[in-house]
Structures are given as structure tokens and as C-alpha cells.
>>> print(open('model.pdb').read())   # PDB, C-alpha atoms
ATOM      1  CA  MET O 121     -13.002   1.159  -2.090
ATOM      2  CA  ARG O 122     -12.055  -0.102  -5.529
ATOM      3  CA  LEU O 123      -8.646  -1.748  -5.241
ATOM      4  CA  VAL O 124      -5.959  -2.857  -7.668
ATOM      5  CA  PHE O 125      -3.719  -5.243  -5.738
ATOM      6  CA  ALA O 126      -0.028  -5.598  -6.616
ATOM      7  CA  GLY O 127       1.896  -8.696  -5.510
ATOM      8  CA  THR O 128       3.818 -11.656  -6.865
ATOM      9  CA  PRO O 129       4.984 -14.519  -4.545
ATOM     10  CA  ASP O 130       3.218 -16.847  -2.102
ATOM     11  CA  THR O 131       3.932 -14.296   0.627
ATOM     12  CA  ALA O 132       1.380 -11.960  -0.937
ATOM     13  CA  LEU O 133      -1.460 -14.511  -0.997
ATOM     14  CA  PRO O 134      -2.743 -14.008   2.581
ATOM     15  CA  ALA O 135      -3.176 -10.297   1.853
ATOM     16  CA  LEU O 136      -4.981 -10.961  -1.430
ATOM     17  CA  GLU O 137      -7.334 -13.415   0.293
ATOM     18  CA  ALA O 138      -7.993 -10.975   3.141
ATOM     19  CA  LEU O 139      -8.748  -8.123   0.740
ATOM     20  CA  VAL O 140     -11.136 -10.256  -1.330
ATOM     21  CA  ALA O 141     -12.982 -11.176   1.885
ATOM     22  CA  SER O 142     -13.100  -7.547   3.069
ATOM     23  CA  ARG O 143     -15.640  -4.823   2.389
ATOM     24  CA  HIS O 144     -13.462  -3.541  -0.450
ATOM     25  CA  GLU O 145     -13.604  -4.615  -4.119
ATOM     26  CA  VAL O 146     -10.475  -6.020  -5.762
ATOM     27  CA  VAL O 147     -11.019  -5.141  -9.440
ATOM     28  CA  ALA O 148      -7.608  -6.345 -10.716
ATOM     29  CA  VAL O 149      -4.204  -7.568  -9.636
ATOM     30  CA  VAL O 150      -0.799  -6.469 -10.932
ATOM     31  CA  THR O 151       1.988  -9.018 -10.837
ATOM     32  CA  ARG O 152       5.351  -9.766 -12.414
ATOM     33  CA  PRO O 153       5.469 -11.395 -15.865
ATOM     34  CA  ASP O 154       5.637 -15.181 -16.161
ATOM     35  CA  ALA O 155       9.101 -16.517 -15.318
ATOM     36  CA  PRO O 156      11.054 -19.741 -16.008
ATOM     37  CA  SER O 157      10.646 -22.324 -13.246
ATOM     38  CA  GLY O 158      11.703 -25.893 -12.471
ATOM     39  CA  ARG O 159      14.161 -28.150 -14.224
ATOM     40  CA  GLY O 160      12.486 -27.683 -17.582
ATOM     41  CA  ARG O 161      12.596 -23.885 -17.155
ATOM     42  CA  ARG O 162       9.024 -23.618 -18.402
ATOM     43  CA  LEU O 163       7.315 -20.266 -18.074
ATOM     44  CA  GLU O 164       4.956 -20.181 -15.103
ATOM     45  CA  GLU O 165       2.792 -17.380 -13.809
ATOM     46  CA  SER O 166       3.213 -16.057 -10.298
ATOM     47  CA  PRO O 167       1.271 -17.466  -7.325
ATOM     48  CA  VAL O 168      -0.710 -14.216  -7.156
ATOM     49  CA  ALA O 169      -1.646 -14.435 -10.850
ATOM     50  CA  ALA O 170      -2.749 -18.060 -10.481
ATOM     51  CA  ARG O 171      -4.918 -17.327  -7.441
ATOM     52  CA  ALA O 172      -6.438 -14.214  -9.011
ATOM     53  CA  ARG O 173      -7.525 -16.244 -12.035
ATOM     54  CA  GLU O 174      -9.165 -18.792  -9.725
ATOM     55  CA  LEU O 175     -11.038 -15.915  -8.105
ATOM     56  CA  GLY O 176     -12.088 -14.458 -11.460
ATOM     57  CA  ILE O 177     -10.048 -11.293 -11.029
ATOM     58  CA  GLU O 178      -8.382  -9.530 -13.969
ATOM     59  CA  VAL O 179      -4.604 -10.061 -14.064
ATOM     60  CA  LEU O 180      -2.142  -7.459 -15.377
ATOM     61  CA  LYS O 181       1.491  -8.429 -16.041
ATOM     62  CA  PRO O 182       3.381  -5.381 -17.296
ATOM     63  CA  ALA O 183       7.094  -5.796 -18.004
ATOM     64  CA  LYS O 184       7.402  -2.440 -16.249
ATOM     65  CA  PRO O 185       4.725  -0.497 -14.356
ATOM     66  CA  SER O 186       5.587   2.472 -16.566
ATOM     67  CA  ASP O 187       4.430   0.651 -19.746
ATOM     68  CA  PRO O 188       1.906   2.909 -21.529
ATOM     69  CA  ALA O 189      -0.626   0.098 -22.066
ATOM     70  CA  PHE O 190      -0.572  -0.759 -18.365
ATOM     71  CA  MET O 191      -0.889   2.889 -17.338
ATOM     72  CA  ASP O 192      -3.892   3.301 -19.637
ATOM     73  CA  ARG O 193      -5.590   0.237 -18.147
ATOM     74  CA  LEU O 194      -4.822   1.365 -14.605
ATOM     75  CA  ARG O 195      -6.520   4.696 -15.267
ATOM     76  CA  GLU O 196      -9.510   2.927 -16.847
ATOM     77  CA  LEU O 197      -9.930   0.805 -13.707
ATOM     78  CA  GLU O 198     -10.129   3.976 -11.577
ATOM     79  CA  PRO O 199      -8.861   2.407  -8.334
ATOM     80  CA  ASP O 200      -9.342   4.350  -5.129
ATOM     81  CA  CYS O 201      -6.212   2.695  -3.696
ATOM     82  CA  CYS O 202      -3.555   0.171  -4.729
ATOM     83  CA  PRO O 203      -2.380  -2.108  -1.892
ATOM     84  CA  VAL O 204       1.020  -3.737  -2.462
ATOM     85  CA  VAL O 205       2.703  -6.832  -0.994
ATOM     86  CA  ALA O 206       6.036  -8.035  -2.409
ATOM     87  CA  TYR O 207       5.283  -6.890  -5.949
ATOM     88  CA  GLY O 208       8.934  -6.698  -6.991
ATOM     89  CA  ALA O 209       9.059  -3.654  -9.299
ATOM     90  CA  LEU O 210       9.642   0.053  -8.717
ATOM     91  CA  LEU O 211       6.749   2.452  -9.217
ATOM     92  CA  LYS O 212       7.216   5.852 -10.811
ATOM     93  CA  GLN O 213       5.364   8.948  -9.741
ATOM     94  CA  ASP O 214       2.839   8.921 -12.596
ATOM     95  CA  ALA O 215       1.652   5.482 -11.429
ATOM     96  CA  LEU O 216       1.652   6.549  -7.778
ATOM     97  CA  ASP O 217      -0.588   9.504  -8.671
ATOM     98  CA  VAL O 218      -3.389   7.433 -10.266
ATOM     99  CA  PRO O 219      -5.343   6.239  -7.187
ATOM    100  CA  GLN O 220      -6.853   8.899  -4.937
ATOM    101  CA  HIS O 221      -5.426   7.261  -1.802
ATOM    102  CA  GLY O 222      -2.124   6.247  -3.363
ATOM    103  CA  TRP O 223      -0.322   2.912  -3.247
ATOM    104  CA  ILE O 224      -0.159   1.396   0.242
ATOM    105  CA  ASN O 225       2.536  -1.180   0.942
ATOM    106  CA  LEU O 226       2.777  -4.009   3.479
ATOM    107  CA  HIS O 227       6.467  -4.378   4.395
ATOM    108  CA  PHE O 228       7.828  -7.113   6.660
ATOM    109  CA  SER O 229       9.816  -5.095   9.194
ATOM    110  CA  VAL O 230       9.260  -2.306  11.693
ATOM    111  CA  LEU O 231      10.288   0.647   9.577
ATOM    112  CA  PRO O 232      12.651   2.456   9.332
ATOM    113  CA  ASN O 233      14.516  -0.755  10.180
ATOM    114  CA  TRP O 234      15.355  -3.000   7.248
ATOM    115  CA  ARG O 235      14.133  -1.125   4.211
ATOM    116  CA  GLY O 236      14.583  -3.222   1.094
ATOM    117  CA  ALA O 237      13.969  -6.622  -0.485
ATOM    118  CA  ALA O 238      14.906  -9.055   2.317
ATOM    119  CA  PRO O 239      13.917  -7.545   5.684
ATOM    120  CA  VAL O 240      13.030 -10.800   7.437
ATOM    121  CA  GLN O 241      16.276 -12.482   6.447
ATOM    122  CA  TRP O 242      18.480  -9.590   7.543
ATOM    123  CA  SER O 243      16.581  -9.123  10.800
ATOM    124  CA  LEU O 244      17.244 -12.750  11.682
ATOM    125  CA  MET O 245      20.895 -12.590  10.687
ATOM    126  CA  ALA O 246      21.414  -9.381  12.661
ATOM    127  CA  GLY O 247      20.274 -11.095  15.864
ATOM    128  CA  ASP O 248      17.134  -8.981  16.347
ATOM    129  CA  GLU O 249      14.818 -10.146  19.116
ATOM    130  CA  VAL O 250      11.700  -8.486  17.694
ATOM    131  CA  THR O 251      10.552  -7.695  14.173
ATOM    132  CA  GLY O 252       7.143  -6.986  12.664
ATOM    133  CA  ALA O 253       5.264  -5.549   9.708
ATOM    134  CA  THR O 254       4.504  -2.013   8.624
ATOM    135  CA  VAL O 255       1.807  -0.588   6.367
ATOM    136  CA  PHE O 256       2.851   2.676   4.751
ATOM    137  CA  ARG O 257       2.080   4.941   1.802
ATOM    138  CA  ILE O 258       4.583   4.474  -1.013
ATOM    139  CA  VAL O 259       6.783   7.398  -2.076
ATOM    140  CA  GLN O 260       9.656   7.499  -4.545
ATOM    141  CA  GLU O 261      12.323   6.876  -1.882
ATOM    142  CA  LEU O 262      12.720   3.184  -1.003
ATOM    143  CA  ASP O 263      10.326   2.132   1.808
ATOM    144  CA  ALA O 264      10.425   5.664   3.230
ATOM    145  CA  GLY O 265       6.771   6.674   3.098
ATOM    146  CA  PRO O 266       4.561   7.704   6.026
ATOM    147  CA  VAL O 267       3.275   4.896   8.251
ATOM    148  CA  LEU O 268      -0.358   3.856   8.654
ATOM    149  CA  GLY O 269       0.067   0.911  11.009
ATOM    150  CA  VAL O 270       2.543  -1.479  12.655
ATOM    151  CA  ILE O 271       2.485  -4.897  14.289
ATOM    152  CA  THR O 272       5.374  -6.553  16.122
ATOM    153  CA  GLU O 273       6.415 -10.189  16.387
ATOM    154  CA  ARG O 274       8.971 -11.853  18.671
ATOM    155  CA  ILE O 275      11.573 -13.873  16.802
ATOM    156  CA  ARG O 276      11.502 -17.414  18.159
ATOM    157  CA  ASP O 277      14.591 -19.482  18.900
ATOM    158  CA  THR O 278      13.919 -21.902  16.045
ATOM    159  CA  ASP O 279      12.486 -19.502  13.463
ATOM    160  CA  THR O 280      13.750 -19.712   9.914
ATOM    161  CA  ALA O 281      13.135 -16.858   7.521
ATOM    162  CA  GLY O 282      10.367 -18.964   5.990
ATOM    163  CA  ASP O 283       8.669 -19.556   9.357
ATOM    164  CA  LEU O 284       8.817 -15.920  10.371
ATOM    165  CA  LEU O 285       7.716 -14.594   6.999
ATOM    166  CA  ALA O 286       4.673 -16.874   7.008
ATOM    167  CA  ARG O 287       3.524 -15.508  10.377
ATOM    168  CA  LEU O 288       4.141 -11.910   9.329
ATOM    169  CA  ALA O 289       2.267 -12.456   6.065
ATOM    170  CA  ASP O 290      -0.804 -13.635   7.994
ATOM    171  CA  GLY O 291      -0.674 -10.918  10.629
ATOM    172  CA  GLY O 292       0.252  -8.286   8.073
ATOM    173  CA  ALA O 293      -2.743  -9.173   5.904
ATOM    174  CA  ARG O 294      -5.087  -8.297   8.762
ATOM    175  CA  LEU O 295      -3.136  -5.088   9.407
ATOM    176  CA  LEU O 296      -3.404  -4.083   5.745
ATOM    177  CA  VAL O 297      -7.171  -4.553   5.633
ATOM    178  CA  ASP O 298      -7.586  -2.603   8.874
ATOM    179  CA  ALA O 299      -5.483   0.271   7.520
ATOM    180  CA  LEU O 300      -7.503   0.401   4.300
ATOM    181  CA  ASP O 301     -10.748   0.438   6.294
ATOM    182  CA  HIS O 302      -9.515   3.506   8.168
ATOM    183  CA  VAL O 303      -8.261   5.155   4.991
ATOM    184  CA  GLU O 304     -11.733   4.802   3.473
ATOM    185  CA  ASP O 305     -13.355   6.105   6.671
ATOM    186  CA  GLY O 306     -10.990   9.070   6.702
ATOM    187  CA  ASP O 307     -10.085   8.656  10.367
ATOM    188  CA  ILE O 308      -6.377   7.844  10.070
ATOM    189  CA  SER O 309      -3.379  10.114   9.553
ATOM    190  CA  PRO O 310      -0.068   8.768   8.230
ATOM    191  CA  ILE O 311       2.942   9.373  10.491
ATOM    192  CA  ALA O 312       6.294  10.267   8.961
ATOM    193  CA  GLN O 313       9.086   7.756   9.528
ATOM    194  CA  GLN O 314      11.984   8.680  11.772
ATOM    195  CA  GLU O 315      15.160   9.708   9.999
ATOM    196  CA  GLU O 316      17.299   8.003  12.639
ATOM    197  CA  GLY O 317      17.852   4.266  12.842
ATOM    198  CA  VAL O 318      17.416   3.549   9.144
ATOM    199  CA  SER O 319      18.881   0.206   8.036
ATOM    200  CA  TYR O 320      18.749  -1.578   4.708
ATOM    201  CA  ALA O 321      18.045  -5.170   3.667
ATOM    202  CA  PRO O 322      19.169  -5.791   0.085
ATOM    203  CA  LYS O 323      18.387  -9.049  -1.669
ATOM    204  CA  LEU O 324      20.576 -11.848  -0.291
ATOM    205  CA  THR O 325      23.369 -13.103  -2.498
ATOM    206  CA  THR O 326      24.987 -16.529  -2.537
ATOM    207  CA  GLY O 327      28.010 -14.941  -0.899
ATOM    208  CA  ASP O 328      25.887 -13.699   2.010
ATOM    209  CA  ALA O 329      24.858 -17.312   2.661
ATOM    210  CA  ARG O 330      28.362 -18.812   2.971
ATOM    211  CA  VAL O 331      29.167 -19.700   6.584
ATOM    212  CA  ASP O 332      32.329 -18.342   8.186
ATOM    213  CA  TRP O 333      33.118 -20.815  10.956
ATOM    214  CA  THR O 334      35.311 -18.334  12.841
ATOM    215  CA  ARG O 335      32.181 -16.368  13.765
ATOM    216  CA  PRO O 336      30.349 -17.023  17.063
ATOM    217  CA  ALA O 337      27.947 -19.960  17.188
ATOM    218  CA  PHE O 338      25.000 -17.605  17.805
ATOM    219  CA  ALA O 339      25.786 -15.659  14.642
ATOM    220  CA  ILE O 340      26.153 -18.828  12.563
ATOM    221  CA  ASP O 341      22.852 -20.165  13.887
ATOM    222  CA  ARG O 342      21.106 -16.919  12.920
ATOM    223  CA  GLN O 343      22.791 -16.802   9.512
ATOM    224  CA  VAL O 344      21.709 -20.321   8.624
ATOM    225  CA  ARG O 345      18.134 -19.716   9.761
ATOM    226  CA  GLY O 346      18.038 -16.361   7.978
ATOM    227  CA  CYS O 347      19.059 -18.058   4.724
ATOM    228  CA  THR O 348      16.475 -20.850   5.064
ATOM    229  CA  PRO O 349      14.771 -21.688   2.759
ATOM    230  CA  ALA O 350      16.483 -19.326   0.308
ATOM    231  CA  PRO O 351      19.152 -18.789  -0.832
ATOM    232  CA  GLY O 352      20.297 -21.602   1.489
ATOM    233  CA  ALA O 353      23.318 -21.452   3.785
ATOM    234  CA  TRP O 354      26.342 -23.365   2.520
ATOM    235  CA  THR O 355      29.949 -24.258   3.194
ATOM    236  CA  MET O 356      32.826 -26.181   1.586
ATOM    237  CA  LEU O 357      34.205 -29.474   2.886
ATOM    238  CA  GLU O 358      37.972 -29.733   2.451
ATOM    239  CA  GLN O 359      40.173 -32.732   3.207
ATOM    240  CA  GLY O 360      43.638 -33.441   1.896
ATOM    241  CA  ASP O 361      44.072 -33.195  -1.853
ATOM    242  CA  ASP O 362      40.452 -34.079  -2.612
ATOM    243  CA  GLU O 363      38.357 -31.634  -4.572
ATOM    244  CA  PRO O 364      36.427 -29.386  -2.113
ATOM    245  CA  LEU O 365      32.784 -30.448  -1.755
ATOM    246  CA  ARG O 366      29.994 -27.900  -1.508
ATOM    247  CA  ILE O 367      27.434 -28.620   1.208
ATOM    248  CA  LYS O 368      24.124 -26.861   1.754
ATOM    249  CA  LEU O 369      23.140 -26.524   5.406
ATOM    250  CA  GLY O 370      19.846 -26.612   7.250
ATOM    251  CA  PRO O 371      19.379 -25.023  10.701
ATOM    252  CA  VAL O 372      21.924 -25.955  13.364
ATOM    253  CA  THR O 373      21.758 -26.321  17.152
ATOM    254  CA  VAL O 374      24.087 -24.300  19.345
ATOM    255  CA  SER O 375      25.980 -26.381  21.915
ATOM    256  CA  ASP O 376      27.155 -25.123  25.302
ATOM    257  CA  GLU O 377      30.531 -26.866  24.854
ATOM    258  CA  ARG O 378      33.644 -25.868  22.987
ATOM    259  CA  THR O 379      35.534 -28.966  21.888
ATOM    260  CA  LEU O 380      36.632 -28.096  18.333
ATOM    261  CA  GLU O 381      38.552 -25.432  16.461
ATOM    262  CA  PRO O 382      36.558 -23.379  13.944
ATOM    263  CA  GLY O 383      35.485 -25.519  11.002
ATOM    264  CA  ARG O 384      36.745 -28.817  12.432
ATOM    265  CA  LEU O 385      34.309 -31.731  12.353
ATOM    266  CA  SER O 386      33.454 -34.391  14.901
ATOM    267  CA  VAL O 387      31.318 -37.226  13.517
ATOM    268  CA  GLY O 388      29.549 -39.402  16.069
ATOM    269  CA  LYS O 389      26.856 -42.060  15.847
ATOM    270  CA  ARG O 390      24.070 -39.602  16.623
ATOM    271  CA  GLU O 391      25.415 -36.188  15.633
ATOM    272  CA  VAL O 392      27.889 -34.175  13.602
ATOM    273  CA  ARG O 393      29.552 -31.283  15.420
ATOM    274  CA  VAL O 394      31.439 -28.355  13.943
ATOM    275  CA  GLY O 395      33.681 -25.907  15.756
ATOM    276  CA  THR O 396      33.000 -22.168  15.598
ATOM    277  CA  GLY O 397      34.552 -19.047  17.040
ATOM    278  CA  THR O 398      32.818 -19.844  20.339
ATOM    279  CA  THR O 399      30.996 -23.090  21.178
ATOM    280  CA  ASP O 400      30.355 -26.002  18.834
ATOM    281  CA  VAL O 401      27.219 -26.313  16.730
ATOM    282  CA  VAL O 402      25.419 -29.561  15.894
ATOM    283  CA  LEU O 403      24.389 -29.870  12.268
ATOM    284  CA  GLY O 404      20.756 -30.670  11.496
ATOM    285  CA  GLU O 405      20.090 -31.542   7.865
ATOM    286  CA  LEU O 406      22.513 -31.042   5.015
ATOM    287  CA  GLN O 407      22.753 -31.625   1.302
ATOM    288  CA  ALA O 408      25.996 -32.422  -0.461
ATOM    289  CA  HIS O 409      26.254 -31.237  -4.050
ATOM    290  CA  GLY O 410      24.386 -33.602  -6.364
ATOM    291  CA  LYS O 411      22.898 -35.571  -3.464
ATOM    292  CA  LYS O 412      19.582 -35.653  -1.630
ATOM    293  CA  ARG O 413      18.964 -33.706   1.554
ATOM    294  CA  MET O 414      19.553 -35.875   4.641
ATOM    295  CA  VAL O 415      20.038 -35.840   8.395
ATOM    296  CA  ALA O 416      23.642 -34.885   9.194
ATOM    297  CA  ALA O 417      24.217 -37.983  11.346
ATOM    298  CA  ASP O 418      23.170 -40.222   8.444
ATOM    299  CA  TRP O 419      25.534 -38.345   6.153
ATOM    300  CA  GLY O 420      28.323 -38.734   8.706
ATOM    301  CA  ARG O 421      27.896 -42.490   8.845
ATOM    302  CA  GLY O 422      28.148 -42.772   5.082
ATOM    303  CA  VAL O 423      31.088 -40.480   4.359
ATOM    304  CA  SER O 424      34.753 -41.152   4.949
ATOM    305  CA  LEU O 425      36.396 -38.199   6.673
ATOM    306  CA  GLY O 426      40.095 -37.978   7.436
ATOM    307  CA  PRO O 427      41.588 -36.237  10.469
ATOM    308  CA  ASP O 428      42.285 -33.118   8.383
ATOM    309  CA  ALA O 429      38.667 -32.684   7.191
ATOM    310  CA  ARG O 430      37.218 -29.265   7.855
ATOM    311  CA  LEU O 431      34.516 -26.888   6.719
ATOM    312  CA  VAL O 432      35.555 -23.555   5.241
TER
END
>>> encode(input="model.pdb", output="C-alpha cells")
Amino acid sequence: MRLVFAGTPDTALPALEALVASRHEVVAVVTRPDAPSGRGRRLEESPVAARARELGIEVLKPAKPSDPAFMDRLRELEPDCCPVVAYGALLKQDALDVPQHGWINLHFSVLPNWRGAAPVQWSLMAGDEVTGATVFRIVQELDAGPVLGVITERIRDTDTAGDLLARLADGGARLLVDALDHVEDGDISPIAQQEEGVSYAPKLTTGDARVDWTRPAFAIDRQVRGCTPAPGAWTMLEQGDDEPLRIKLGPVTVSDERTLEPGRLSVGKREVRVGTGTTDVVLGELQAHGKKRMVAADWGRGVSLGPDARLV
């Protein structure tokens, strides 16, 4: 089949590579426009755009998929199907109607669980034991189209959102190619999603990433890992009349002891403990505002904390 691939971030690269290596022909990619990046805020093209250029594939960057010039070019390309991975823009029906076999999306959850922009992060934070990836045909309703294939993946005890997403991107790329093979062969029938059990995973905000130390240690562990690497879990260090200090947190380790009240700190030679609503957690790496990321124990040895110091 002739394919126009739509994707933007690094997460979409395994699928692009798998499609290029498949029996199908990727005639163009659609990606988001160049965006400011880095300290200098220079415009940079997306990872998908950069890789497509290396591969000699035409790159389309419409401000909106409904732009008339883009729609004209899409029709000229005459794709049989448009596979999608983390493109980042909503598609209207006139675009969906262009390819004979529609637009087929790789989504990183087992639908109908966690429809939306951040399924891996919310699955981790919800305490799910298993997640996965789903290939489905796109319809106007958010992530509600009929399913063409599913894989599942156990969430490991140390998984961050970045770890889990990387594995799902690799496994999902193979699933996407397999689904497209069957679509071309005409031997697969999409299955409608269940109407029960729908949950949503909106884009994470900074507020979602702030740790509430009165919650159970398990929940805090999952929240921190779900927010790693982005947007990054954080908390505020308060002590006396000093200005509160914002601290970004890396993954923590759940202890089997309860020695501290929620938010209270215990700084030892080899570890920094914090109380939660259940057992203590041991901090891993952290980054105080304006400072470099460091091991929590090293930070503890270099900071002066009074008896009233606490995280809030």
C-alpha cells in the first residue's frame, strides 16, 4: 500500500522505521510545524521530520490538517492508508475520507482504557498492573474507533513513563505493520470498542506532578514514575521563615518502615527518607531549583536542614 505516515516525537520513530522496512511504500510523512526548543528557543523540526529527510521522504508540516494546501497535496499523493503515531493534531472528516483504508492509529493503551494524550503516564499513576498498545481506525470521537489489533505489556516495578513508552513504541511498531499487512490482504475485520470501562488520559499538567505526601507510598512511587521524564514530579521544601524551595524528584524507593510523619525528612549518610501517608520512601535523585540533578544523599550532606524542615 501507499502510505502517508503522521507522527511527531521520538516515540513515533520505531513505527516509521518499521513501515519503511515493510512491504508498504511510505510516500510522505505529516508532522507538526517546527517548534522552539532549547535555551535559545530556536525553531527545530520534529524528530519524525528529521528522520524522514534522512530517508529521502517528503515532509508535510501543515499548521492544521484542514489547511487547503495540505488537503490538496494529500489527495495528490493518493495514499491507500495513513498510519498515525503521536501526531498531535485532530483530523477532520474530509481528511479521514481521503485514503481508501482510512487513518489507522497506534495508541499506547489497551482501549477503551486511557483514551487521550498521556495514556502511559496515567496508567502508571493509576496503579495498573498491565497496559499495552492498540491499533484502531480513527473516527471523529477521541480514540473511539474500531480495533484492529492489541498487545499487552506488564508494568514493571521500576518502570518510568519513559521506560514503558519506549517498550510499547517498539512492540507497537510491529503491531502496526502487521495490522496494515492484514488490511491490505483484506483478511481482518475491525472490532468495535466496548462502551463500558472508558477512561481518559489528558495531557499532564504541572499540578498533576506535585507530590502530596499524605498519600500512600505506593501512590507516590507511581506518581513520580508516571511523571518521569516529563513533566517531572516536584515538591516544595519548607523550613522556618526561609523562602520555600522547589525540588524536582526522580523515582523513589518504597520502604517497609513507617518512621516519619507525611512530608517530614530524615537525612542520613547514605539516604534521605520522607514520610508519607503509609510507609516512608527513600529519595533517589533530585534537583533543587537552579541546581544540577544529584543523588539525594549527596544533596542531604550539602544542605542544612532544621528540625522543622518538611516537604509539602
>>> resolve_selection(input="model.pdb", expression="the PyMOL selection byres ((chain O and resi 370) around 6)", output="PyMOL selection string")
chain O and resi 369+371+404-406
>>> write_last_selection(input="model.pdb", atoms="C-alpha atoms", output="short mmCIF file (atom, residue, chain, number, x, y, z; two decimals), in the frame of the given file")
data_model
loop_
_atom_site.label_atom_id
_atom_site.label_comp_id
_atom_site.auth_asym_id
_atom_site.auth_seq_id
_atom_site.Cartn_x
_atom_site.Cartn_y
_atom_site.Cartn_z
CA LEU O 369 23.14 -26.52 5.41
CA PRO O 371 19.38 -25.02 10.70
CA GLY O 404 20.76 -30.67 11.50
CA GLU O 405 20.09 -31.54 7.86
CA LEU O 406 22.51 -31.04 5.01
#
>>> resolve_selection(input="model.pdb", expression="the PyMOL selection byres ((chain O and resi 182-185) around 10)", output="list in words")
Val150, Thr151, Arg152, Pro153, Asp154, Val179, Leu180, Lys181, Ser186, Asp187, Pro188, Ala189, Phe190, Met191, Leu194, Ala209, Leu210, Leu211, Lys212, Asp214 and Ala215 of chain O
>>> closest_residue(input="model.pdb", among="O:Gly265, O:Pro336, O:Gly388, O:Gly252", to="O:Leu295", atoms="only C-alpha atoms")
O:Gly252
>>> atom_distance(input="model.pdb", atom1="atom CA of O:Pro134", atom2="atom CA of O:Asp277")
24.4 Å
>>> closest_residue(input="model.pdb", among="O:Glu174, O:Val255, O:Asp248, O:Val149", to="O:Tyr207", atoms="only C-alpha atoms")
O:Val149
>>> closest_residue(input="model.pdb", among="O:Arg195, O:Leu123, O:Val250, O:Arg342", to="O:Ser142", atoms="only C-alpha atoms")
O:Leu123
>>> resolve_selection(input="model.pdb", expression="the PyMOL selection byres ((chain O and resi 232-243) around 7)", output="NGL selection string")
:O and (228-231 or 244-248 or 262-263 or 281 or 285 or 313-314 or 317-324 or 346-347)
>>> atom_distance(input="model.pdb", atom1="atom CA of O:Ser166", atom2="atom CA of O:Asp130")
8.2 Å
>>> decode(input="model.pdb", residues="stretch 268-274 of chain O", atoms="all heavy atoms", output="PDB file, in the first residue's frame")
ATOM      1  N   LEU O 268      -8.137  -2.942  15.445  1.00  0.00           N
ATOM      2  CA  LEU O 268      -7.555  -3.888  14.505  1.00  0.00           C
ATOM      3  C   LEU O 268      -6.528  -4.809  15.151  1.00  0.00           C
ATOM      4  O   LEU O 268      -6.172  -5.835  14.571  1.00  0.00           O
ATOM      5  CB  LEU O 268      -6.879  -3.127  13.352  1.00  0.00           C
ATOM      6  CG  LEU O 268      -7.819  -2.367  12.423  1.00  0.00           C
ATOM      7  CD1 LEU O 268      -7.049  -1.324  11.637  1.00  0.00           C
ATOM      8  CD2 LEU O 268      -8.528  -3.331  11.489  1.00  0.00           C
ATOM      9  N   GLY O 269      -6.046  -4.449  16.330  1.00  0.00           N
ATOM     10  CA  GLY O 269      -5.061  -5.299  16.992  1.00  0.00           C
ATOM     11  C   GLY O 269      -4.646  -4.730  18.334  1.00  0.00           C
ATOM     12  O   GLY O 269      -4.707  -3.517  18.550  1.00  0.00           O
ATOM     13  N   VAL O 270      -4.212  -5.619  19.234  1.00  0.00           N
ATOM     14  CA  VAL O 270      -3.815  -5.220  20.596  1.00  0.00           C
ATOM     15  C   VAL O 270      -2.622  -6.060  21.036  1.00  0.00           C
ATOM     16  O   VAL O 270      -2.541  -7.257  20.719  1.00  0.00           O
ATOM     17  CB  VAL O 270      -4.977  -5.430  21.599  1.00  0.00           C
ATOM     18  CG1 VAL O 270      -4.520  -5.105  23.017  1.00  0.00           C
ATOM     19  CG2 VAL O 270      -6.182  -4.592  21.232  1.00  0.00           C
ATOM     20  N   ILE O 271      -1.692  -5.428  21.756  1.00  0.00           N
ATOM     21  CA  ILE O 271      -0.677  -6.156  22.504  1.00  0.00           C
ATOM     22  C   ILE O 271      -0.759  -5.697  23.960  1.00  0.00           C
ATOM     23  O   ILE O 271      -1.256  -4.600  24.249  1.00  0.00           O
ATOM     24  CB  ILE O 271       0.752  -5.916  21.968  1.00  0.00           C
ATOM     25  CG1 ILE O 271       1.119  -4.424  22.005  1.00  0.00           C
ATOM     26  CG2 ILE O 271       0.912  -6.501  20.584  1.00  0.00           C
ATOM     27  CD1 ILE O 271       2.579  -4.149  21.682  1.00  0.00           C
ATOM     28  N   THR O 272      -0.293  -6.529  24.867  1.00  0.00           N
ATOM     29  CA  THR O 272      -0.271  -6.159  26.284  1.00  0.00           C
ATOM     30  C   THR O 272       1.150  -6.214  26.814  1.00  0.00           C
ATOM     31  O   THR O 272       2.011  -6.917  26.275  1.00  0.00           O
ATOM     32  CB  THR O 272      -1.176  -7.076  27.119  1.00  0.00           C
ATOM     33  OG1 THR O 272      -0.748  -8.432  26.972  1.00  0.00           O
ATOM     34  CG2 THR O 272      -2.630  -6.948  26.705  1.00  0.00           C
ATOM     35  N   GLU O 273       1.378  -5.476  27.882  1.00  0.00           N
ATOM     36  CA  GLU O 273       2.712  -5.356  28.481  1.00  0.00           C
ATOM     37  C   GLU O 273       2.561  -5.204  29.984  1.00  0.00           C
ATOM     38  O   GLU O 273       1.797  -4.361  30.455  1.00  0.00           O
ATOM     39  CB  GLU O 273       3.422  -4.130  27.905  1.00  0.00           C
ATOM     40  CG  GLU O 273       4.749  -3.797  28.548  1.00  0.00           C
ATOM     41  CD  GLU O 273       5.903  -4.688  28.068  1.00  0.00           C
ATOM     42  OE1 GLU O 273       5.802  -5.241  26.953  1.00  0.00           O
ATOM     43  OE2 GLU O 273       6.899  -4.810  28.803  1.00  0.00           O
ATOM     44  N   ARG O 274       3.261  -6.040  30.760  1.00  0.00           N
ATOM     45  CA  ARG O 274       3.234  -5.906  32.215  1.00  0.00           C
ATOM     46  C   ARG O 274       4.049  -4.683  32.628  1.00  0.00           C
ATOM     47  O   ARG O 274       5.133  -4.437  32.123  1.00  0.00           O
ATOM     48  CB  ARG O 274       3.824  -7.154  32.885  1.00  0.00           C
ATOM     49  CG  ARG O 274       3.666  -7.153  34.405  1.00  0.00           C
ATOM     50  CD  ARG O 274       4.309  -8.371  35.036  1.00  0.00           C
ATOM     51  NE  ARG O 274       5.761  -8.291  35.000  1.00  0.00           N
ATOM     52  CZ  ARG O 274       6.496  -7.592  35.882  1.00  0.00           C
ATOM     53  NH1 ARG O 274       5.905  -6.913  36.856  1.00  0.00           N
ATOM     54  NH2 ARG O 274       7.806  -7.589  35.789  1.00  0.00           N
TER      55      ARG O 274
END
